[in-house]
file entry_29.pdb (PDB, C-alpha atoms)
ATOM      1  CA  MET H 104     -31.948 -65.258  74.569
ATOM      2  CA  GLY H 105     -34.171 -67.656  76.512
ATOM      3  CA  GLU H 106     -36.217 -70.728  75.752
ATOM      4  CA  GLY H 107     -37.783 -69.063  72.713
ATOM      5  CA  GLY H 108     -34.307 -68.303  71.404
ATOM      6  CA  PHE H 109     -33.344 -71.959  71.588
ATOM      7  CA  GLU H 110     -36.504 -72.985  69.762
ATOM      8  CA  GLN H 111     -35.899 -70.338  67.098
ATOM      9  CA  PHE H 112     -32.302 -71.512  66.705
ATOM     10  CA  VAL H 113     -33.352 -75.144  66.276
ATOM     11  CA  ALA H 114     -36.116 -74.176  63.827
ATOM     12  CA  ALA H 115     -33.741 -72.015  61.778
ATOM     13  CA  ARG H 116     -30.594 -74.170  61.848
ATOM     14  CA  GLY H 117     -31.959 -77.660  62.539
ATOM     15  CA  GLN H 118     -31.926 -78.953  58.955
ATOM     16  CA  ARG H 119     -28.372 -77.749  58.344
ATOM     17  CA  LEU H 120     -27.200 -79.297  61.620
ATOM     18  CA  LEU H 121     -29.006 -82.532  60.731
ATOM     19  CA  ARG H 122     -27.107 -82.571  57.432
ATOM     20  CA  VAL H 123     -23.823 -82.226  59.322
ATOM     21  CA  ALA H 124     -24.864 -85.084  61.602
ATOM     22  CA  TRP H 125     -25.795 -87.244  58.597
ATOM     23  CA  LEU H 126     -22.486 -86.531  56.905
ATOM     24  CA  LEU H 127     -20.674 -87.544  60.080
ATOM     25  CA  THR H 128     -22.672 -90.731  60.696
ATOM     26  CA  GLY H 129     -23.728 -91.757  57.189
ATOM     27  CA  ASP H 130     -27.081 -92.903  58.541
ATOM     28  CA  ALA H 131     -30.275 -90.845  58.747
ATOM     29  CA  HIS H 132     -31.486 -92.424  61.977
ATOM     30  CA  LEU H 133     -28.118 -92.139  63.715
ATOM     31  CA  ALA H 134     -27.903 -88.537  62.515
ATOM     32  CA  GLU H 135     -31.253 -87.743  64.132
ATOM     33  CA  ASP H 136     -30.107 -89.435  67.346
ATOM     34  CA  LEU H 137     -26.808 -87.562  67.279
ATOM     35  CA  LEU H 138     -28.461 -84.181  66.755
ATOM     36  CA  GLN H 139     -31.093 -84.864  69.412
ATOM     37  CA  THR H 140     -28.407 -85.941  71.899
ATOM     38  CA  VAL H 141     -26.360 -82.820  71.241
ATOM     39  CA  LEU H 142     -29.359 -80.490  71.456
ATOM     40  CA  ALA H 143     -30.323 -82.105  74.767
ATOM     41  CA  LYS H 144     -26.783 -81.446  76.050
ATOM     42  CA  VAL H 145     -26.800 -77.862  74.769
ATOM     43  CA  TRP H 146     -30.222 -76.871  76.132
ATOM     44  CA  PRO H 147     -29.135 -76.470  79.809
ATOM     45  CA  LYS H 148     -26.171 -74.332  78.699
ATOM     46  CA  TRP H 149     -28.146 -72.240  76.216
ATOM     47  CA  HIS H 150     -28.172 -69.071  78.331
ATOM     48  CA  ARG H 151     -24.364 -69.148  78.320
ATOM     49  CA  ILE H 152     -23.693 -69.970  74.661
ATOM     50  CA  ALA H 153     -26.557 -68.074  73.010
ATOM     51  CA  GLU H 154     -24.700 -64.773  72.965
ATOM     52  CA  GLU H 155     -21.498 -66.245  71.508
ATOM     53  CA  ASN H 156     -21.704 -68.380  68.375
ATOM     54  CA  PRO H 157     -24.249 -71.120  69.147
ATOM     55  CA  GLU H 158     -24.048 -72.772  65.722
ATOM     56  CA  ALA H 159     -20.293 -73.254  66.027
ATOM     57  CA  TYR H 160     -20.784 -74.608  69.553
ATOM     58  CA  VAL H 161     -23.419 -77.106  68.414
ATOM     59  CA  ARG H 162     -21.345 -78.118  65.373
ATOM     60  CA  ARG H 163     -18.347 -78.771  67.613
ATOM     61  CA  ALA H 164     -20.540 -80.749  70.018
ATOM     62  CA  LEU H 165     -21.769 -82.859  67.059
ATOM     63  CA  VAL H 166     -18.194 -83.698  66.062
ATOM     64  CA  HIS H 167     -17.115 -84.515  69.617
ATOM     65  CA  THR H 168     -20.203 -86.572  70.438
ATOM     66  CA  HIS H 169     -19.898 -88.496  67.176
ATOM     67  CA  ALA H 170     -16.228 -89.179  67.901
ATOM     68  CA  SER H 171     -17.077 -90.527  71.351
ATOM     69  CA  TRP H 172     -19.803 -92.756  69.849
ATOM     70  CA  TRP H 173     -17.350 -93.948  67.215
ATOM     71  CA  ARG H 174     -14.724 -94.819  69.842
ATOM     72  CA  ARG H 175     -17.242 -96.943  71.749
ATOM     73  CA  ARG H 176     -18.600 -98.759  68.682
ATOM     74  CA  TRP H 177     -17.521-102.306  67.915
ATOM     75  CA  ARG H 178     -15.532-102.322  64.704
ATOM     76  CA  GLY H 179     -15.614-105.968  63.717
ATOM     77  CA  GLU H 180     -15.870-107.360  60.244
ATOM     78  CA  VAL H 181     -18.589-105.951  58.040
ATOM     79  CA  PRO H 182     -19.716-108.303  55.263
ATOM     80  CA  HIS H 183     -19.856-106.867  51.765
ATOM     81  CA  GLY H 184     -21.450-108.335  48.675
ATOM     82  CA  ASP H 185     -20.123-108.087  45.172
ATOM     83  CA  LEU H 186     -19.247-104.601  44.031
ATOM     84  CA  PRO H 187     -21.840-103.087  41.687
ATOM     85  CA  ASP H 188     -21.086-102.518  38.032
ATOM     86  CA  ARG H 189     -19.879 -99.067  37.082
ATOM     87  CA  ALA H 190     -22.571 -96.614  36.050
ATOM     88  CA  LEU H 191     -22.856 -95.741  32.396
ATOM     89  CA  PRO H 192     -22.725 -92.033  31.502
ATOM     90  CA  GLN H 193     -26.297 -92.085  30.177
ATOM     91  CA  ASP H 194     -27.502 -93.833  33.339
ATOM     92  CA  ALA H 195     -30.312 -91.764  34.876
ATOM     93  CA  TYR H 196     -29.107 -92.815  38.319
ATOM     94  CA  ALA H 197     -25.429 -91.956  37.826
ATOM     95  CA  GLY H 198     -25.763 -88.964  40.149
ATOM     96  CA  VAL H 199     -27.174 -91.223  42.851
ATOM     97  CA  ASP H 200     -24.290 -93.638  42.355
ATOM     98  CA  LEU H 201     -21.836 -90.774  42.749
ATOM     99  CA  GLU H 202     -23.546 -89.566  45.936
ATOM    100  CA  GLN H 203     -23.589 -93.063  47.416
ATOM    101  CA  ALA H 204     -19.953 -93.678  46.502
ATOM    102  CA  LEU H 205     -18.932 -90.329  47.956
ATOM    103  CA  ALA H 206     -20.897 -90.949  51.153
ATOM    104  CA  ALA H 207     -19.344 -94.412  51.530
ATOM    105  CA  ALA H 208     -15.869 -93.028  50.877
ATOM    106  CA  VAL H 209     -16.356 -90.256  53.441
ATOM    107  CA  ARG H 210     -17.607 -92.820  55.985
ATOM    108  CA  ALA H 211     -14.448 -94.867  55.348
ATOM    109  CA  LEU H 212     -12.255 -91.989  56.518
ATOM    110  CA  PRO H 213     -10.930 -91.908  60.076
ATOM    111  CA  VAL H 214     -13.141 -89.856  62.410
ATOM    112  CA  ARG H 215     -10.876 -86.778  62.544
ATOM    113  CA  GLN H 216     -10.416 -86.650  58.750
ATOM    114  CA  ARG H 217     -14.144 -87.153  58.243
ATOM    115  CA  ALA H 218     -14.898 -84.255  60.594
ATOM    116  CA  VAL H 219     -12.488 -82.002  58.676
ATOM    117  CA  VAL H 220     -13.983 -82.973  55.301
ATOM    118  CA  VAL H 221     -17.557 -82.435  56.504
ATOM    119  CA  LEU H 222     -16.830 -79.037  58.035
ATOM    120  CA  ARG H 223     -14.487 -77.755  55.312
ATOM    121  CA  TYR H 224     -16.125 -79.013  52.144
ATOM    122  CA  PHE H 225     -19.755 -79.753  52.973
ATOM    123  CA  GLU H 226     -20.315 -76.967  55.520
ATOM    124  CA  ASP H 227     -17.932 -74.661  53.618
ATOM    125  CA  LEU H 228     -16.132 -73.426  56.725
ATOM    126  CA  SER H 229     -12.745 -71.752  56.420
ATOM    127  CA  VAL H 230      -9.602 -73.406  57.769
ATOM    128  CA  THR H 231      -9.750 -71.077  60.768
ATOM    129  CA  GLU H 232     -13.429 -71.819  61.481
ATOM    130  CA  THR H 233     -12.820 -75.553  61.129
ATOM    131  CA  ALA H 234      -9.852 -75.385  63.509
ATOM    132  CA  GLU H 235     -11.983 -73.520  66.043
ATOM    133  CA  ALA H 236     -14.843 -76.020  65.695
ATOM    134  CA  LEU H 237     -12.505 -78.974  66.219
ATOM    135  CA  GLY H 238     -10.322 -77.331  68.845
ATOM    136  CA  CYS H 239      -7.101 -77.861  66.928
ATOM    137  CA  SER H 240      -4.547 -75.832  64.979
ATOM    138  CA  GLU H 241      -5.003 -74.649  61.405
ATOM    139  CA  GLY H 242      -2.030 -76.807  60.409
ATOM    140  CA  THR H 243      -3.809 -79.885  61.729
ATOM    141  CA  VAL H 244      -6.894 -79.015  59.682
ATOM    142  CA  LYS H 245      -4.776 -78.608  56.544
ATOM    143  CA  SER H 246      -2.849 -81.847  57.045
ATOM    144  CA  GLN H 247      -5.998 -83.835  57.886
ATOM    145  CA  ALA H 248      -7.757 -82.377  54.831
ATOM    146  CA  ALA H 249      -4.817 -83.278  52.578
ATOM    147  CA  LYS H 250      -4.727 -86.859  53.902
ATOM    148  CA  ALA H 251      -8.496 -87.206  53.566
ATOM    149  CA  LEU H 252      -8.538 -85.886  49.996
ATOM    150  CA  ARG H 253      -5.699 -88.230  49.017
ATOM    151  CA  THR H 254      -7.673 -91.153  50.458
ATOM    152  CA  LEU H 255     -10.890 -90.054  48.730
ATOM    153  CA  ARG H 256      -9.106 -89.715  45.388
ATOM    154  CA  GLY H 257      -7.876 -93.269  45.795
ATOM    155  CA  LEU H 258     -11.314 -94.618  46.677
ATOM    156  CA  LEU H 259     -13.638 -92.837  44.272
ATOM    157  CA  PRO H 260     -12.277 -93.471  40.761
ATOM    158  CA  ALA H 261     -12.507 -97.234  41.194
ATOM    159  CA  ALA H 262     -16.146 -97.042  42.287
ATOM    160  CA  VAL H 263     -17.709 -94.286  40.170
ATOM    161  CA  THR H 264     -17.215 -92.446  36.933
ATOM    162  CA  VAL H 265     -18.609 -89.045  36.083
ATOM    163  CA  ASP H 266     -19.516 -88.367  32.440
ATOM    164  CA  GLY H 267     -17.449 -91.373  31.457
ATOM    165  CA  GLY H 268     -14.300 -89.942  33.017
ATOM    166  CA  ASP H 269     -12.335 -90.128  36.196
ATOM    167  CA  CYS H 270     -13.775 -88.400  39.311
ATOM    168  CA  ARG H 271     -10.499 -86.539  39.668
ATOM    169  CA  ASP H 272     -10.930 -84.728  36.335
TER     170      ASP H 272
END
call {"tool": "encode", "arguments": {"input": "entry_29.pdb", "output": "structure tokens"}}
result
Amino acid sequence: MGEGGFEQFVAARGQRLLRVAWLLTGDAHLAEDLLQTVLAKVWPKWHRIAEENPEAYVRRALVHTHASWWRRRWRGEVPHGDLPDRALPQDAYAGVDLEQALAAAVRALPVRQRAVVVLRYFEDLSVTETAEALGCSEGTVKSQAAKALRTLRGLLPAAVTVDGGDCRD
């Protein structure tokens, strides 16, 4: 699979990979930068990885590159305004509020937990596939997922309601 194969891969899987990048970064522009950076790194190695599982390789590269960006980023104070009022069940934008609250909660997770949540629950990978993508054991994936879900359950009910009830229902 040569140059055309790489272009076909990007055309076929680009939007899905961009979604993974957005879920990792929480920002559309950073997601585009992340995906472009990873694709630029993958291109010279394409002849080697094309026959294996290129999507898994690129997904893993996204997670690792994002983690290295995250480690280098300054994590000082981030000012926050007043919290918004809770959405009413008949609110036409309640779904948007839920998506924004979920995205913010996922971004609040530590990098490793965020990677597990994105791959397991948004990309719908199995525990084994997630472990392979992250280069860790299945037990690590399970424990990180459990910690992340516990954190998300603690964050979401205070910020958003769904149909007038608790997000955990």
call {"tool": "residues_around", "arguments": {"input": "entry_29.pdb", "residues": "Thr140 in chain H", "least_positions_apart": "2", "cutoff": "12 Å", "atoms": "all atoms listed in the file", "output": "list in words"}}
result
Leu121, Ala124, Leu133, Ala134, Glu135, Asp136, Leu137, Leu138, Leu142, Ala143, Lys144, Val145, Trp146, Val161, Ala164, Leu165, Val166, His167, Thr168, His169 and Trp172 of chain H
call {"tool": "closest_residue", "arguments": {"input": "entry_29.pdb", "among": "H:Leu212, H:Thr128, H:Arg163, H:Glu155", "to": "Val141 in chain H", "atoms": "only C-alpha atoms"}}
result
H:Arg163
call {"tool": "closest_residue", "arguments": {"input": "entry_29.pdb", "among": "H:Ala170, H:Ala249, H:Ala115, H:Ile152", "to": "Leu127 in chain H", "atoms": "only C-alpha atoms"}}
result
H:Ala170
call {"tool": "closest_residue", "arguments": {"input": "entry_29.pdb", "among": "H:Leu237, H:Phe109, H:Arg122, H:Gly242", "to": "Lys148 in chain H", "atoms": "all atoms listed in the file"}}
result
H:Phe109
call {"tool": "atom_distance", "arguments": {"input": "entry_29.pdb", "atom1": "CA of Phe225 in chain H", "atom2": "CA of Trp149 in chain H"}}
result
25.8 Å
call {"tool": "atom_distance", "arguments": {"input": "entry_29.pdb", "atom1": "CA of Val220 in chain H", "atom2": "CA of Ala207 in chain H"}}
result
13.2 Å
call {"tool": "atom_distance", "arguments": {"input": "entry_29.pdb", "atom1": "CA of Ser229 in chain H", "atom2": "CA of Lys245 in chain H"}}
result
10.5 Å
call {"tool": "residues_around", "arguments": {"input": "entry_29.pdb", "residues": "Thr231 in chain H", "least_positions_apart": "6", "cutoff": "9 Å", "atoms": "only C-alpha atoms", "output": "PDB file with C-alpha atoms, in the frame of the given file"}}
result
ATOM      1  CA  SER H 240      -4.547 -75.832  64.979  1.00  0.00           C
ATOM      2  CA  GLU H 241      -5.003 -74.649  61.405  1.00  0.00           C
ATOM      3  CA  VAL H 244      -6.894 -79.015  59.682  1.00  0.00           C
TER       4      VAL H 244
END
call {"tool": "axis_aligned_box", "arguments": {"input": "entry_29.pdb", "around": "range 147-158 of chain H", "padding_each_side": "3 Å", "output": "JSON"}}
result
{"center_x": -25.3, "center_y": -70.6, "center_z": 72.8, "size_x": 13.6, "size_y": 17.7, "size_z": 20.1}
call {"tool": "decode", "arguments": {"input": "entry_29.pdb", "residues": "range 239-255 of chain H", "atoms": "all heavy atoms", "output": "short mmCIF file (atom, residue, chain, number, x, y, z; two decimals), in the first residue's frame"}}
result
data_model
loop_
_atom_site.label_atom_id
_atom_site.label_comp_id
_atom_site.auth_asym_id
_atom_site.auth_seq_id
_atom_site.Cartn_x
_atom_site.Cartn_y
_atom_site.Cartn_z
N CYS H 239 -0.73 -0.99 27.43
CA CYS H 239 -0.79 -1.34 28.85
C CYS H 239 -1.57 -2.63 29.01
O CYS H 239 -2.07 -3.20 28.04
CB CYS H 239 -1.43 -0.21 29.66
SG CYS H 239 -3.14 0.14 29.22
N SER H 240 -1.72 -3.08 30.25
CA SER H 240 -2.45 -4.33 30.49
C SER H 240 -3.95 -4.09 30.50
O SER H 240 -4.42 -2.96 30.66
CB SER H 240 -2.02 -4.92 31.84
OG SER H 240 -2.53 -4.14 32.89
N GLU H 241 -4.70 -5.17 30.34
CA GLU H 241 -6.16 -5.07 30.39
C GLU H 241 -6.61 -4.63 31.78
O GLU H 241 -7.59 -3.89 31.92
CB GLU H 241 -6.80 -6.40 30.01
CG GLU H 241 -6.60 -6.75 28.55
CD GLU H 241 -7.23 -8.07 28.15
OE1 GLU H 241 -8.12 -8.56 28.88
OE2 GLU H 241 -6.84 -8.60 27.10
N GLY H 242 -5.92 -5.07 32.80
CA GLY H 242 -6.25 -4.66 34.18
C GLY H 242 -6.12 -3.17 34.37
O GLY H 242 -6.93 -2.54 35.06
N THR H 243 -5.10 -2.58 33.75
CA THR H 243 -4.91 -1.13 33.84
C THR H 243 -6.07 -0.41 33.16
O THR H 243 -6.59 0.58 33.68
CB THR H 243 -3.57 -0.73 33.20
OG1 THR H 243 -2.51 -1.37 33.91
CG2 THR H 243 -3.37 0.78 33.23
N VAL H 244 -6.49 -0.92 32.01
CA VAL H 244 -7.63 -0.31 31.31
C VAL H 244 -8.87 -0.37 32.20
O VAL H 244 -9.58 0.62 32.35
CB VAL H 244 -7.89 -1.02 29.96
CG1 VAL H 244 -9.21 -0.55 29.35
CG2 VAL H 244 -6.75 -0.76 29.00
N LYS H 245 -9.12 -1.51 32.80
CA LYS H 245 -10.31 -1.67 33.65
C LYS H 245 -10.25 -0.75 34.86
O LYS H 245 -11.25 -0.10 35.21
CB LYS H 245 -10.44 -3.12 34.10
CG LYS H 245 -10.78 -4.08 32.98
CD LYS H 245 -10.79 -5.51 33.48
CE LYS H 245 -10.98 -6.50 32.36
NZ LYS H 245 -10.92 -7.89 32.85
N SER H 246 -9.10 -0.67 35.52
CA SER H 246 -9.00 0.17 36.71
C SER H 246 -9.10 1.65 36.36
O SER H 246 -9.77 2.42 37.05
CB SER H 246 -7.72 -0.11 37.49
OG SER H 246 -6.58 0.31 36.76
N GLN H 247 -8.46 2.05 35.24
CA GLN H 247 -8.55 3.45 34.81
C GLN H 247 -9.97 3.82 34.40
O GLN H 247 -10.45 4.92 34.68
CB GLN H 247 -7.57 3.72 33.66
CG GLN H 247 -6.12 3.65 34.04
CD GLN H 247 -5.73 4.74 35.01
OE1 GLN H 247 -5.91 5.92 34.74
NE2 GLN H 247 -5.20 4.35 36.15
N ALA H 248 -10.67 2.87 33.75
CA ALA H 248 -12.06 3.12 33.36
C ALA H 248 -12.94 3.25 34.60
O ALA H 248 -13.79 4.14 34.66
CB ALA H 248 -12.57 1.99 32.47
N ALA H 249 -12.74 2.41 35.58
CA ALA H 249 -13.54 2.47 36.81
C ALA H 249 -13.32 3.80 37.53
O ALA H 249 -14.27 4.45 37.98
CB ALA H 249 -13.20 1.30 37.73
N LYS H 250 -12.06 4.22 37.64
CA LYS H 250 -11.76 5.51 38.29
C LYS H 250 -12.38 6.67 37.51
O LYS H 250 -12.94 7.60 38.10
CB LYS H 250 -10.24 5.70 38.39
CG LYS H 250 -9.58 4.79 39.39
CD LYS H 250 -8.06 4.96 39.34
CE LYS H 250 -7.38 3.96 40.24
NZ LYS H 250 -5.91 4.04 40.12
N ALA H 251 -12.25 6.62 36.19
CA ALA H 251 -12.79 7.69 35.36
C ALA H 251 -14.30 7.77 35.48
O ALA H 251 -14.87 8.87 35.62
CB ALA H 251 -12.38 7.48 33.90
N LEU H 252 -14.98 6.63 35.44
CA LEU H 252 -16.44 6.63 35.54
C LEU H 252 -16.90 7.13 36.91
O LEU H 252 -17.90 7.85 37.01
CB LEU H 252 -16.99 5.24 35.25
CG LEU H 252 -16.82 4.77 33.80
CD1 LEU H 252 -17.30 3.34 33.65
CD2 LEU H 252 -17.53 5.68 32.83
N ARG H 253 -16.17 6.77 37.95
CA ARG H 253 -16.51 7.27 39.30
C ARG H 253 -16.38 8.79 39.34
O ARG H 253 -17.25 9.49 39.86
CB ARG H 253 -15.60 6.59 40.34
CG ARG H 253 -15.93 6.97 41.76
CD ARG H 253 -15.15 6.19 42.83
NE ARG H 253 -13.76 5.92 42.48
CZ ARG H 253 -13.28 4.71 42.20
NH1 ARG H 253 -14.07 3.65 42.20
NH2 ARG H 253 -12.01 4.54 41.91
N THR H 254 -15.31 9.31 38.74
CA THR H 254 -15.11 10.76 38.69
C THR H 254 -16.21 11.43 37.87
O THR H 254 -16.77 12.45 38.29
CB THR H 254 -13.73 11.08 38.09
OG1 THR H 254 -12.72 10.48 38.89
CG2 THR H 254 -13.50 12.59 38.01
N LEU H 255 -16.53 10.86 36.72
CA LEU H 255 -17.58 11.44 35.86
C LEU H 255 -18.93 11.44 36.56
O LEU H 255 -19.68 12.40 36.46
CB LEU H 255 -17.66 10.69 34.53
CG LEU H 255 -16.47 10.88 33.59
CD1 LEU H 255 -16.60 9.97 32.38
CD2 LEU H 255 -16.34 12.33 33.16
#
